[in-house]
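A.B. asks: The following file, upload-v3.tsv, comprises TSV, C-alpha atoms:
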```tsv
chain	number	residue	atom	x	y	z
A	1	TYR	CA	4.28	-5.63	19.97
A	2	PRO	CA	3.22	-2.01	20.62
A	3	LEU	CA	5.56	0.78	19.47
A	4	SER	CA	5.27	4.06	21.33
A	5	LYS	CA	7.98	5.73	19.24
A	6	THR	CA	10.03	5.13	16.10
A	7	VAL	CA	13.12	2.93	16.36
A	8	ASN	CA	16.20	4.79	15.03
A	9	VAL	CA	19.07	2.85	13.43
A	10	LYS	CA	22.28	4.57	12.30
A	11	GLY	CA	25.52	3.52	10.64
A	12	LYS	CA	24.95	-0.24	10.38
A	13	LYS	CA	26.33	-2.55	7.68
A	14	GLY	CA	25.04	-6.05	6.95
A	15	LEU	CA	22.20	-5.73	9.48
A	16	ASP	CA	19.31	-8.22	9.19
A	17	LEU	CA	16.15	-7.00	10.95
A	18	ASN	CA	14.09	-10.19	10.99
A	19	GLY	CA	10.68	-9.99	12.63
A	20	ALA	CA	10.00	-13.73	12.16
A	21	GLY	CA	6.32	-12.96	11.54
A	22	ALA	CA	5.88	-10.54	14.44
A	23	THR	CA	3.19	-7.84	14.33
A	24	LEU	CA	4.35	-4.34	15.21
A	25	ALA	CA	1.65	-1.93	16.37
A	26	PRO	CA	2.79	1.72	15.99
A	27	TYR	CA	0.98	4.09	18.34
A	28	PHE	CA	-1.94	6.00	16.81
A	29	ASP	CA	-4.77	8.02	18.33
A	30	ARG	CA	-7.79	8.87	16.17
A	31	GLU	CA	-8.38	12.04	18.19
A	32	THR	CA	-4.93	13.55	17.57
A	33	GLY	CA	-4.30	12.21	14.07
A	34	ALA	CA	-0.68	12.35	12.94
A	35	GLU	CA	0.43	14.33	15.99
A	36	GLY	CA	2.06	12.04	18.51
A	37	GLY	CA	1.76	8.94	16.32
A	38	SER	CA	4.67	6.57	15.83
A	39	GLY	CA	6.65	5.29	12.90
A	40	VAL	CA	8.38	1.91	12.82
A	41	PHE	CA	12.04	2.26	11.72
A	42	GLU	CA	14.04	5.34	10.71
A	43	LEU	CA	17.37	4.36	9.17
A	44	LEU	CA	20.40	6.54	8.42
A	45	ASP	CA	23.64	5.55	6.67
A	46	CYS	CA	22.88	1.82	6.64
A	47	HIS	CA	24.27	-0.49	3.96
A	48	ASP	CA	23.54	-4.06	2.84
A	49	LEU	CA	20.44	-3.92	5.01
A	50	THR	CA	17.60	-6.45	5.19
A	51	ILE	CA	14.18	-5.84	6.77
A	52	ARG	CA	11.89	-8.87	6.70
A	53	GLY	CA	9.15	-10.81	8.38
A	54	PHE	CA	7.07	-7.99	9.85
A	55	LYS	CA	3.38	-7.17	9.84
A	56	ILE	CA	2.51	-3.53	10.54
A	57	ALA	CA	-0.89	-2.94	12.13
A	58	SER	CA	-1.74	-0.16	14.57
A	59	SER	CA	-4.12	-1.27	17.30
A	60	VAL	CA	-6.54	1.58	16.47
A	61	PRO	CA	-8.16	1.75	12.99
A	62	VAL	CA	-6.64	4.58	10.94
A	63	ASN	CA	-9.77	5.01	8.81
A	64	THR	CA	-13.39	3.97	9.23
A	65	ALA	CA	-15.97	2.70	6.74
A	66	GLY	CA	-19.50	4.03	6.59
A	67	VAL	CA	-22.66	4.67	4.57
A	68	ILE	CA	-24.14	8.07	3.71
A	69	VAL	CA	-27.67	8.14	5.15
A	70	ASN	CA	-28.74	11.78	4.62
A	71	VAL	CA	-27.50	14.72	2.52
A	72	THR	CA	-28.18	18.46	2.51
A	73	ASP	CA	-26.32	21.37	0.90
A	74	ASP	CA	-24.35	21.94	4.12
A	75	TYR	CA	-23.80	18.57	5.70
A	76	ALA	CA	-24.04	14.83	5.29
A	77	ASP	CA	-25.01	12.27	7.91
A	78	VAL	CA	-22.93	9.10	7.80
A	79	GLU	CA	-23.38	5.88	9.73
A	80	LEU	CA	-19.89	4.66	10.58
A	81	ASN	CA	-19.04	1.00	10.97
A	82	SER	CA	-16.22	1.25	13.50
A	83	THR	CA	-14.64	-1.67	15.32
A	84	LEU	CA	-14.11	0.63	18.32
A	85	PRO	CA	-16.65	2.97	19.97
A	86	LEU	CA	-16.64	6.52	18.61
A	87	THR	CA	-16.22	9.51	20.91
A	88	GLY	CA	-17.10	12.26	18.41
A	89	LYS	CA	-13.62	13.78	18.88
A	90	GLU	CA	-11.93	11.75	16.14
A	91	GLN	CA	-10.04	13.62	13.43
A	92	PHE	CA	-11.87	13.68	10.09
A	93	ILE	CA	-9.00	14.65	7.79
A	94	GLY	CA	-10.35	13.19	4.54
A	95	GLY	CA	-12.90	10.82	3.08
A	96	MET	CA	-13.56	8.87	-0.10
A	97	ILE	CA	-16.71	7.56	-1.82
A	98	PHE	CA	-16.53	3.88	-2.83
A	99	GLU	CA	-18.29	1.47	-5.17
A	100	ASP	CA	-20.28	-1.34	-3.60
A	101	ASP	CA	-17.19	-3.62	-3.64
A	102	TRP	CA	-15.06	-0.95	-1.89
A	103	LEU	CA	-13.33	0.20	-5.05
A	104	PRO	CA	-12.48	3.93	-4.66
A	105	THR	CA	-14.38	6.23	-7.02
A	106	GLY	CA	-11.87	9.08	-6.77
A	107	TYR	CA	-14.50	11.42	-5.27
A	108	HIS	CA	-13.41	13.02	-1.99
A	109	TRP	CA	-16.41	13.96	0.13
A	110	VAL	CA	-14.49	15.18	3.20
A	111	ASN	CA	-12.15	18.04	2.39
A	112	THR	CA	-10.25	19.83	5.11
A	113	ALA	CA	-9.41	23.39	4.09
A	114	PRO	CA	-5.62	23.94	3.76
A	115	ASP	CA	-4.11	26.13	6.47
A	116	PRO	CA	-0.51	27.39	5.96
A	117	GLU	CA	-0.02	27.55	9.71
A	118	ILE	CA	-0.42	23.80	10.20
A	119	ARG	CA	0.81	22.28	6.96
A	120	THR	CA	2.58	18.97	7.28
A	121	VAL	CA	6.32	18.58	6.76
A	122	ILE	CA	6.89	14.87	6.20
A	123	ALA	CA	9.99	13.45	7.91
A	124	GLY	CA	11.13	17.02	8.50
A	125	GLU	CA	11.94	17.42	4.79
A	126	ILE	CA	8.92	17.26	2.49
A	127	PRO	CA	6.48	20.18	2.88
A	128	CYS	CA	2.97	19.80	1.54
A	129	THR	CA	-0.37	21.59	1.65
A	130	ALA	CA	-2.12	18.78	3.52
A	131	PRO	CA	-2.95	19.56	7.15
A	132	LYS	CA	-1.46	17.51	9.95
A	133	LYS	CA	-4.25	17.92	12.47
A	134	LEU	CA	-6.99	20.32	11.33
A	135	ASN	CA	-10.11	18.28	10.72
A	136	CYS	CA	-13.49	18.69	9.05
A	137	PRO	CA	-16.20	19.89	11.50
A	138	HIS	CA	-18.52	17.12	12.64
A	139	GLU	CA	-20.78	16.11	15.51
A	140	MET	CA	-22.16	12.83	16.85
A	141	LEU	CA	-25.90	12.29	16.42
A	142	ASP	CA	-25.87	8.91	18.12
A	143	GLU	CA	-23.27	6.21	18.89
A	144	LYS	CA	-22.77	5.41	15.18
A	145	THR	CA	-24.06	8.38	13.19
A	146	VAL	CA	-21.97	11.49	12.56
A	147	ARG	CA	-23.01	14.76	10.90
A	148	VAL	CA	-20.16	16.06	8.75
A	149	TYR	CA	-20.03	19.69	7.61
A	150	SER	CA	-18.05	19.81	4.36
A	151	ARG	CA	-18.04	22.00	1.27
A	152	SER	CA	-18.22	18.88	-0.92
A	153	VAL	CA	-21.27	17.06	0.46
A	154	LYS	CA	-24.09	18.46	-1.67
A	155	TRP	CA	-23.19	16.17	-4.58
A	156	LEU	CA	-23.50	13.02	-2.48
A	157	LYS	CA	-26.28	10.47	-2.60
A	158	ALA	CA	-27.77	8.62	0.34
A	159	GLY	CA	-26.75	4.98	0.29
A	160	SER	CA	-23.21	5.59	-0.98
A	161	LYS	CA	-20.40	3.74	0.71
A	162	CYS	CA	-17.68	5.96	2.13
A	163	ASN	CA	-14.91	6.25	4.64
A	164	VAL	CA	-13.31	8.88	6.85
A	165	SER	CA	-9.54	8.97	7.36
A	166	HIS	CA	-8.32	9.98	10.81
A	167	SER	CA	-4.94	11.09	9.45
A	168	TYR	CA	-3.36	11.72	6.06
A	169	TYR	CA	0.17	13.11	5.68
A	170	GLY	CA	2.61	13.31	8.56
A	171	LEU	CA	3.49	9.82	9.76
A	172	VAL	CA	5.90	7.42	8.01
A	173	ALA	CA	6.42	3.78	8.93
A	174	PHE	CA	9.87	3.28	7.34
A	175	VAL	CA	12.21	6.22	6.59
A	176	PHE	CA	15.54	5.74	4.77
A	177	ARG	CA	18.36	8.29	4.41
A	178	GLN	CA	21.74	7.55	2.82
A	179	CYS	CA	21.02	3.82	2.74
A	180	THR	CA	22.31	1.47	0.03
A	181	GLY	CA	21.71	-2.15	-0.90
A	182	VAL	CA	18.41	-2.51	0.94
A	183	LEU	CA	16.15	-5.59	0.78
A	184	ILE	CA	12.62	-5.36	2.20
A	185	GLU	CA	11.05	-8.79	2.19
A	186	ASP	CA	7.85	-10.40	3.46
A	187	VAL	CA	6.49	-7.22	5.04
A	188	LYS	CA	2.72	-6.74	5.21
A	189	MET	CA	0.95	-3.43	5.88
A	190	THR	CA	-2.66	-3.74	7.05
A	191	ASN	CA	-3.32	-0.67	9.24
A	192	TYR	CA	-1.05	2.37	9.20
A	193	ALA	CA	-1.86	6.07	9.41
A	194	GLY	CA	0.58	7.57	6.87
A	195	PHE	CA	3.26	6.71	4.30
A	196	ALA	CA	4.55	3.15	4.37
A	197	PHE	CA	8.06	3.60	2.88
A	198	LEU	CA	9.85	6.93	2.35
A	199	ILE	CA	13.23	6.86	0.56
A	200	LEU	CA	15.13	10.14	0.92
A	201	PRO	CA	18.52	11.31	-0.43
A	202	CYS	CA	21.00	9.84	-0.94
A	203	CYS	CA	19.87	6.21	-1.20
A	204	ARG	CA	20.74	3.56	-3.78
A	205	ASP	CA	19.50	0.12	-4.89
A	206	PHE	CA	16.33	-1.05	-3.12
A	207	THR	CA	14.50	-4.35	-3.57
A	208	PHE	CA	10.94	-4.94	-2.35
A	209	ARG	CA	10.09	-8.66	-2.37
A	210	ARG	CA	6.68	-10.01	-1.38
A	211	VAL	CA	5.64	-6.73	0.21
A	212	LYS	CA	1.87	-6.64	0.62
A	213	PHE	CA	-0.63	-3.88	1.30
A	214	ASP	CA	-4.21	-4.85	2.06
A	215	SER	CA	-7.02	-4.16	4.50
A	216	GLU	CA	-8.04	-7.23	6.45
A	217	ASP	CA	-11.63	-6.01	6.86
A	218	ARG	CA	-12.80	-3.56	4.17
A	219	ASP	CA	-16.32	-3.36	5.64
A	220	HIS	CA	-14.79	-1.65	8.68
A	221	GLN	CA	-11.59	-0.16	7.23
A	222	PRO	CA	-11.32	0.29	3.43
A	223	TYR	CA	-7.67	1.44	3.44
A	224	ALA	CA	-4.65	-0.47	4.68
A	225	ILE	CA	-2.66	2.77	4.81
A	226	ASN	CA	-3.90	6.35	4.60
A	227	SER	CA	-1.34	7.76	2.16
A	228	ASP	CA	1.51	6.61	-0.16
A	229	GLY	CA	2.83	3.07	-0.40
A	230	ILE	CA	6.38	3.82	-1.61
A	231	HIS	CA	7.47	7.46	-1.92
A	232	LEU	CA	10.88	8.31	-3.41
A	233	THR	CA	12.72	11.62	-3.41
A	234	GLY	CA	16.32	10.48	-3.70
A	235	LEU	CA	16.86	6.93	-4.98
A	236	ALA	CA	19.74	6.16	-7.34
A	237	GLY	CA	20.47	2.82	-8.97
A	238	LYS	CA	17.65	0.29	-9.06
A	239	LEU	CA	14.23	-0.13	-7.52
A	240	ILE	CA	13.19	-3.77	-7.90
A	241	LEU	CA	9.66	-4.91	-7.07
A	242	GLU	CA	9.25	-8.68	-6.88
A	243	ASP	CA	5.85	-10.31	-6.29
A	244	CYS	CA	4.43	-7.28	-4.47
A	245	ASP	CA	0.72	-6.49	-3.97
A	246	PHE	CA	-0.52	-2.91	-3.59
A	247	ASN	CA	-4.15	-2.85	-2.44
A	248	CYS	CA	-6.29	-0.49	-0.37
A	249	ILE	CA	-3.89	2.46	-0.43
A	250	GLY	CA	-5.17	5.91	0.52
A	251	ASP	CA	-2.98	7.81	-1.95
A	252	ASP	CA	-0.31	6.83	-4.53
A	253	HIS	CA	1.03	3.29	-4.81
A	254	LEU	CA	4.45	4.49	-6.02
A	255	ASN	CA	5.38	8.19	-6.11
A	256	VAL	CA	8.71	9.23	-7.65
A	257	HIS	CA	9.64	12.89	-7.40
A	258	THR	CA	12.60	15.20	-7.18
A	259	GLN	CA	13.04	18.26	-4.97
A	260	VAL	CA	13.81	21.31	-7.11
A	261	MET	CA	15.90	23.94	-5.33
A	262	THR	CA	16.19	27.64	-6.20
A	263	VAL	CA	19.41	29.65	-6.23
A	264	ALA	CA	19.12	32.34	-3.53
A	265	SER	CA	22.64	33.71	-3.92
A	266	HIS	CA	25.69	32.93	-6.02
A	267	GLY	CA	29.29	33.89	-5.32
A	268	GLU	CA	32.77	33.01	-6.44
A	269	ASN	CA	33.05	30.06	-4.06
A	270	GLY	CA	29.63	28.51	-4.51
A	271	LEU	CA	25.93	29.12	-4.09
A	272	THR	CA	23.13	29.08	-1.55
A	273	LEU	CA	19.97	27.12	-2.33
A	274	ILE	CA	16.47	27.33	-0.87
A	275	TYR	CA	13.52	24.98	-1.19
A	276	ASP	CA	11.02	27.61	-2.29
A	277	LYS	CA	7.85	26.20	-0.72
A	278	VAL	CA	5.96	27.01	2.46
A	279	ASN	CA	7.95	25.34	5.28
A	280	GLY	CA	10.55	24.23	2.73
A	281	VAL	CA	14.02	23.27	4.00
A	282	VAL	CA	17.09	21.94	2.23
A	283	SER	CA	17.96	18.61	3.80
A	284	GLU	CA	21.53	18.06	4.95
A	285	TYR	CA	21.42	14.88	2.84
A	286	TRP	CA	20.12	16.51	-0.36
A	287	SER	CA	23.57	16.57	-1.93
A	288	THR	CA	27.04	15.26	-1.19
A	289	LYS	CA	30.53	15.63	-2.63
A	290	GLY	CA	30.72	14.38	-6.21
A	291	ASP	CA	27.01	14.76	-6.99
A	292	LEU	CA	26.12	16.12	-10.40
A	293	LEU	CA	23.68	19.04	-10.26
A	294	ARG	CA	21.66	20.25	-13.23
A	295	VAL	CA	20.98	23.97	-13.67
A	296	TYR	CA	17.75	25.12	-15.38
A	297	ASP	CA	16.51	28.48	-16.60
A	298	PRO	CA	13.41	29.25	-14.45
A	299	ALA	CA	11.45	30.80	-17.33
A	300	SER	CA	12.05	28.32	-20.15
A	301	LEU	CA	13.05	25.29	-17.99
A	302	GLU	CA	15.87	24.74	-20.50
A	303	LEU	CA	18.97	23.00	-19.19
A	304	LYS	CA	21.82	25.51	-18.82
A	305	GLY	CA	24.42	22.95	-17.83
A	306	LYS	CA	25.75	20.63	-15.17
A	307	VAL	CA	27.99	21.33	-12.17
A	308	THR	CA	29.71	19.02	-9.68
A	309	VAL	CA	29.48	19.39	-5.90
A	310	ALA	CA	32.81	19.90	-4.13
A	311	GLY	CA	31.19	20.18	-0.71
A	312	SER	CA	27.81	20.89	0.86
A	313	ASP	CA	26.31	22.08	4.12
A	314	ARG	CA	22.53	21.92	3.66
A	315	GLY	CA	21.79	24.74	1.19
A	316	ASP	CA	25.34	26.09	1.04
A	317	ILE	CA	27.05	24.37	-1.89
A	318	THR	CA	30.64	24.70	-3.07
A	319	LEU	CA	31.24	23.68	-6.65
A	320	GLU	CA	34.08	22.36	-8.71
A	321	LYS	CA	35.25	24.77	-11.40
A	322	SER	CA	32.68	25.10	-14.19
A	323	ASP	CA	31.83	27.35	-17.14
A	324	VAL	CA	28.07	27.19	-16.42
A	325	GLU	CA	26.63	30.65	-15.81
A	326	ILE	CA	24.45	30.40	-12.71
A	327	LYS	CA	22.06	33.22	-11.74
A	328	VAL	CA	19.89	33.94	-8.73
A	329	GLY	CA	16.50	32.34	-9.34
A	330	ASP	CA	17.82	29.42	-11.40
A	331	PHE	CA	16.41	25.96	-10.62
A	332	ILE	CA	18.78	23.24	-9.43
A	333	THR	CA	18.15	19.49	-9.33
A	334	ASN	CA	20.43	16.73	-8.11
A	335	HIS	CA	21.04	14.52	-11.13
A	336	SER	CA	22.70	11.71	-9.18
A	337	PRO	CA	19.53	10.03	-7.82
A	338	LEU	CA	17.42	10.36	-10.98
A	339	TYR	CA	17.92	6.92	-12.50
A	340	LEU	CA	15.17	4.56	-11.45
A	341	HIS	CA	14.67	1.03	-12.77
A	342	THR	CA	11.92	-1.35	-11.74
A	343	GLN	CA	12.27	-4.86	-13.04
A	344	SER	CA	10.99	-8.40	-12.62
A	345	ARG	CA	13.59	-11.06	-11.92
A	346	THR	CA	12.16	-14.41	-10.89
A	347	CYS	CA	8.41	-13.94	-10.96
A	348	PRO	CA	6.07	-13.36	-13.91
A	349	VAL	CA	4.46	-10.36	-12.23
A	350	SER	CA	6.62	-7.97	-10.21
A	351	ALA	CA	3.87	-5.73	-8.82
A	352	ARG	CA	0.08	-5.90	-8.77
A	353	LEU	CA	-1.63	-2.55	-8.25
A	354	GLY	CA	-5.25	-2.10	-7.23
A	355	ARG	CA	-7.74	-0.17	-5.09
A	356	SER	CA	-5.87	3.08	-4.70
A	357	ALA	CA	-7.45	6.44	-3.97
A	358	HIS	CA	-5.08	8.10	-6.44
A	359	ARG	CA	-2.36	7.03	-8.89
A	360	GLY	CA	-0.70	3.66	-9.32
A	361	LEU	CA	2.53	5.31	-10.47
A	362	ARG	CA	3.23	9.04	-10.18
A	363	VAL	CA	6.44	10.54	-11.56
A	364	GLN	CA	7.30	14.14	-10.62
A	365	GLN	CA	10.81	14.55	-12.00
A	366	PHE	CA	12.65	16.86	-14.40
A	367	LEU	CA	14.41	13.82	-15.87
A	368	ALA	CA	13.86	10.13	-15.30
A	369	LEU	CA	14.40	6.92	-17.22
A	370	LEU	CA	11.77	4.35	-16.28
A	371	CYS	CA	11.88	0.77	-17.56
A	372	LEU	CA	8.72	-0.99	-16.38
A	373	SER	CA	8.29	-4.68	-17.06
A	374	PHE	CA	5.46	-6.95	-15.92
A	375	LEU	CA	3.57	-4.21	-14.06
A	376	ARG	CA	-0.07	-5.28	-13.82
A	377	LEU	CA	-2.60	-2.50	-13.19
```
For this file, produce the structure as structure tokens.
C.D. replies:
Amino acid sequence: YPLSKTVNVKGKKGLDLNGAGATLAPYFDRETGAEGGSGVFELLDCHDLTIRGFKIASSVPVNTAGVIVNVTDDYADVELNSTLPLTGKEQFIGGMIFEDDWLPTGYHWVNTAPDPEIRTVIAGEIPCTAPKKLNCPHEMLDEKTVRVYSRSVKWLKAGSKCNVSHSYYGLVAFVFRQCTGVLIEDVKMTNYAGFAFLILPCCRDFTFRRVKFDSEDRDHQPYAINSDGIHLTGLAGKLILEDCDFNCIGDDHLNVHTQVMTVASHGENGLTLIYDKVNGVVSEYWSTKGDLLRVYDPASLELKGKVTVAGSDRGDITLEKSDVEIKVGDFITNHSPLYLHTQSRTCPVSARLGRSAHRGLRVQQFLALLCLSFLRL
């Protein structure tokens, strides 16, 4: 079933989205990369939600395998093994060198120079340095061979296996905001151009059961997805992974991080926060009434104290009465979604991690308690 745009679901309780084994094919174009591509579901304020029985596979390969056939100081020639004819206009956003069995080496041979004017903002909330569209210069030599001009090619060796990714950051298959009690079951990702699952504030209690990531044909497409498997910025309660397989992932398997805000102004009735990054915005869901915020000294990163939210409108926060001395420039984190627990319930192995371009588990938090059991790397 082709998807030309993301399906938006809002304010549902007890909803069971059962694909019954259906394959959803989000729109993707190798020549435009993340621009114009489609997600699958974007969910807001949904509770006791189940998503199950789907396979996610775009009809166009999101990355392409190849072999380096010639190397100079300025360019490398690569013979690409694409399942679809190449036009020479495809986006070459990134590329990895692989072992003979398609295990990533960690060496990126295609590097697109960052450009602040076209940095990606994921789901309208997460700014990053990765480009959305700008690609590495290249030209077709024949129907299979491409000459790639990259600042990282001179260290390559002819005969090395590689790939080129036609997107990186930008697209997300499943986006969750303010969702609680979510079960994701029997979902398989085999060909998607961005993040698989993005959990944003203020979500609570997610279970992933028999969720699989894997390429169905590594000789043509080494990655099942081009970036993160599960990316969290605002999950409270529990994250449970049961009998999940993470293979062929273009970035992190599981990335847990908080968004640190900066105090821009502080008055008697509250404070104004900014997300002090290029293209940074404070999401309207970053905090809500009753949340516990932690205040840090920006120089020492020492905790100055905790304050409770009385009301919020994006970056404008009103606080309950507190003795904490807050100054302009202080760092603020939302303490409410910092507890994360992954556990195994009924199976001997809760998550199997393999063949990632980056980290199996990445934690970018001021404070987190992680209890990992039966996590096989």
A.B. asks: What are the nearest atom pairs, with distances in Å to one decimal, for all residues of range 27-133 of chain A that come at most 12 Å from range 285-300 of chain A, using all atoms listed in the file, set out by chain and rising residue number as a Markdown table?
C.D. replies:
```
| residue | atom | partner | partner_atom | distance |
| --- | --- | --- | --- | --- |
| A:Leu44 | CA | A:Tyr285 | CA | 10.1 |
| A:Asp45 | CA | A:Tyr285 | CA | 10.3 |
| A:Gly124 | CA | A:Tyr285 | CA | 11.9 |
| A:Glu125 | CA | A:Trp286 | CA | 9.7 |
| A:Ile126 | CA | A:Trp286 | CA | 11.6 |
```
A.B. asks: What would the file look like if the residues just selected were written as a PDB file, in the coordinates of the input with C-alpha atoms?
C.D. replies:
```pdb
ATOM      1  CA  LEU A  44      20.400   6.540   8.420  1.00  0.00           C
ATOM      2  CA  ASP A  45      23.640   5.550   6.670  1.00  0.00           C
ATOM      3  CA  GLY A 124      11.130  17.020   8.500  1.00  0.00           C
ATOM      4  CA  GLU A 125      11.940  17.420   4.790  1.00  0.00           C
ATOM      5  CA  ILE A 126       8.920  17.260   2.490  1.00  0.00           C
TER       6      ILE A 126
END
```
A.B. asks: Would you compute the distance between CA of Leu171 in chain A and CA of Lys188 in chain A? Give it in Å to one decimal.
C.D. replies: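 Separation between CA of Leu171 in chain A and CA of Lys188 in chain A: 17.2 Å.
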A.B. asks: Box along x, y and z, 8 Å on every side, all listed atoms of range 88-92 of chain A inside: centre and edge lengths in Å to one decimal, as AutoDock Vina command-line options.
C.D. replies:
```
--center_x -13.6 --center_y 12.8 --center_z 14.5 --size_x 23.1 --size_y 18.0 --size_z 24.8
```
A.B. asks: If we count only C-alpha atoms, what is near Ser265 in chain A at a cut-off of 6 Å, once residues fewer than 6 positions away on the same chain are taken out, given as number ranges by chain?
C.D. replies: A: 271-272, 328
A.B. asks: Quick one: distance from CA of Glu242 in chain A to CA of Ile184 in chain A in Å, one decimal?
C.D. replies: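 Distance reported for this atom pair: 10.2 Å.
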A.B. asks: Work out how far apart CA of Ile93 in chain A and CA of Asp219 in chain A are and give it in Å to one decimal.
C.D. replies: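 Computed distance, CA of Ile93 in chain A to CA of Asp219 in chain A, equals 19.6 Å.
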A.B. asks: So that I can check the surroundings of Phe92 in chain A, please list as an MDAnalysis selection string every protein, DNA and RNA residue that reaches within 6 Å of it, counting only C-alpha atoms and ignoring chain neighbours fewer than 2 positions away.
C.D. replies: chainID A and resid 94 135:136 164:166
A.B. asks: Let's have the selection written as a short mmCIF file (atom, residue, chain, number, x, y, z; two decimals), keeping the file's coordinate frame, with C-alpha atoms.
C.D. replies:
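Output file result_14.cif follows:
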```cif
data_model
loop_
_atom_site.label_atom_id
_atom_site.label_comp_id
_atom_site.auth_asym_id
_atom_site.auth_seq_id
_atom_site.Cartn_x
_atom_site.Cartn_y
_atom_site.Cartn_z
CA GLY A 94 -10.35 13.19 4.54
CA ASN A 135 -10.11 18.28 10.72
CA CYS A 136 -13.49 18.69 9.05
CA VAL A 164 -13.31 8.88 6.85
CA SER A 165 -9.54 8.97 7.36
CA HIS A 166 -8.32 9.98 10.81
#
```
A.B. asks: Using all atoms listed in the file, can you tell me which of A:Cys202, A:Leu80, A:Glu143, A:Pro2 comes closest to Glu284 in chain A?
C.D. replies: A:Cys202
A.B. asks: Taking 3 positions as the minimum chain separation for residues in the same chain, which residues sit within 6 Å of Thr180 in chain A when counting all atoms listed in the file? Answer as a list in words.
C.D. replies: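 Answer for this query is His47, Cys203, Arg204 and Asp205 of chain A.
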A.B. asks: When you count only C-alpha atoms, which of these residues is closest to Asp214 in chain A: A:Leu239, A:Val71, A:Ile122, A:Ala57?
C.D. replies: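 Result for the nearest residue to Asp214 in chain A: A:Ala57.
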A.B. asks: Would you mind putting back all heavy atoms on range 200-204 of chain A, then writing it out as a PDB file, in the coordinates of the input?
C.D. replies:
```
ATOM      1  N   LEU A 200      14.625   8.785   1.049  1.00  0.00           N
ATOM      2  CA  LEU A 200      15.130  10.140   0.920  1.00  0.00           C
ATOM      3  C   LEU A 200      16.573  10.117   0.416  1.00  0.00           C
ATOM      4  O   LEU A 200      17.217   9.064   0.399  1.00  0.00           O
ATOM      5  CB  LEU A 200      15.047  10.854   2.271  1.00  0.00           C
ATOM      6  CG  LEU A 200      13.635  11.054   2.834  1.00  0.00           C
ATOM      7  CD1 LEU A 200      13.699  11.462   4.298  1.00  0.00           C
ATOM      8  CD2 LEU A 200      12.882  12.102   2.033  1.00  0.00           C
ATOM      9  N   PRO A 201      17.115  11.266   0.010  1.00  0.00           N
ATOM     10  CA  PRO A 201      18.520  11.310  -0.430  1.00  0.00           C
ATOM     11  C   PRO A 201      19.437  10.885   0.714  1.00  0.00           C
ATOM     12  O   PRO A 201      19.136  11.113   1.884  1.00  0.00           O
ATOM     13  CB  PRO A 201      18.743  12.780  -0.782  1.00  0.00           C
ATOM     14  CG  PRO A 201      17.361  13.320  -1.046  1.00  0.00           C
ATOM     15  CD  PRO A 201      16.467  12.575  -0.111  1.00  0.00           C
ATOM     16  N   CYS A 202      20.569  10.310   0.384  1.00  0.00           N
ATOM     17  CA  CYS A 202      21.000   9.840  -0.940  1.00  0.00           C
ATOM     18  C   CYS A 202      21.035   8.316  -0.863  1.00  0.00           C
ATOM     19  O   CYS A 202      22.012   7.752  -0.399  1.00  0.00           O
ATOM     20  CB  CYS A 202      22.371  10.372  -1.268  1.00  0.00           C
ATOM     21  SG  CYS A 202      22.449  12.164  -1.517  1.00  0.00           S
ATOM     22  N   CYS A 203      19.992   7.654  -1.294  1.00  0.00           N
ATOM     23  CA  CYS A 203      19.870   6.210  -1.200  1.00  0.00           C
ATOM     24  C   CYS A 203      20.124   5.561  -2.558  1.00  0.00           C
ATOM     25  O   CYS A 203      20.006   6.200  -3.600  1.00  0.00           O
ATOM     26  CB  CYS A 203      18.474   5.823  -0.701  1.00  0.00           C
ATOM     27  SG  CYS A 203      18.138   6.274   1.018  1.00  0.00           S
ATOM     28  N   ARG A 204      20.445   4.267  -2.534  1.00  0.00           N
ATOM     29  CA  ARG A 204      20.740   3.560  -3.780  1.00  0.00           C
ATOM     30  C   ARG A 204      20.362   2.077  -3.644  1.00  0.00           C
ATOM     31  O   ARG A 204      20.640   1.442  -2.623  1.00  0.00           O
ATOM     32  CB  ARG A 204      22.222   3.679  -4.125  1.00  0.00           C
ATOM     33  CG  ARG A 204      22.665   2.897  -5.366  1.00  0.00           C
ATOM     34  CD  ARG A 204      24.123   3.106  -5.676  1.00  0.00           C
ATOM     35  NE  ARG A 204      24.364   4.464  -6.129  1.00  0.00           N
ATOM     36  CZ  ARG A 204      24.265   4.849  -7.410  1.00  0.00           C
ATOM     37  NH1 ARG A 204      23.901   3.978  -8.333  1.00  0.00           N
ATOM     38  NH2 ARG A 204      24.503   6.099  -7.738  1.00  0.00           N
TER      39      ARG A 204
END
```
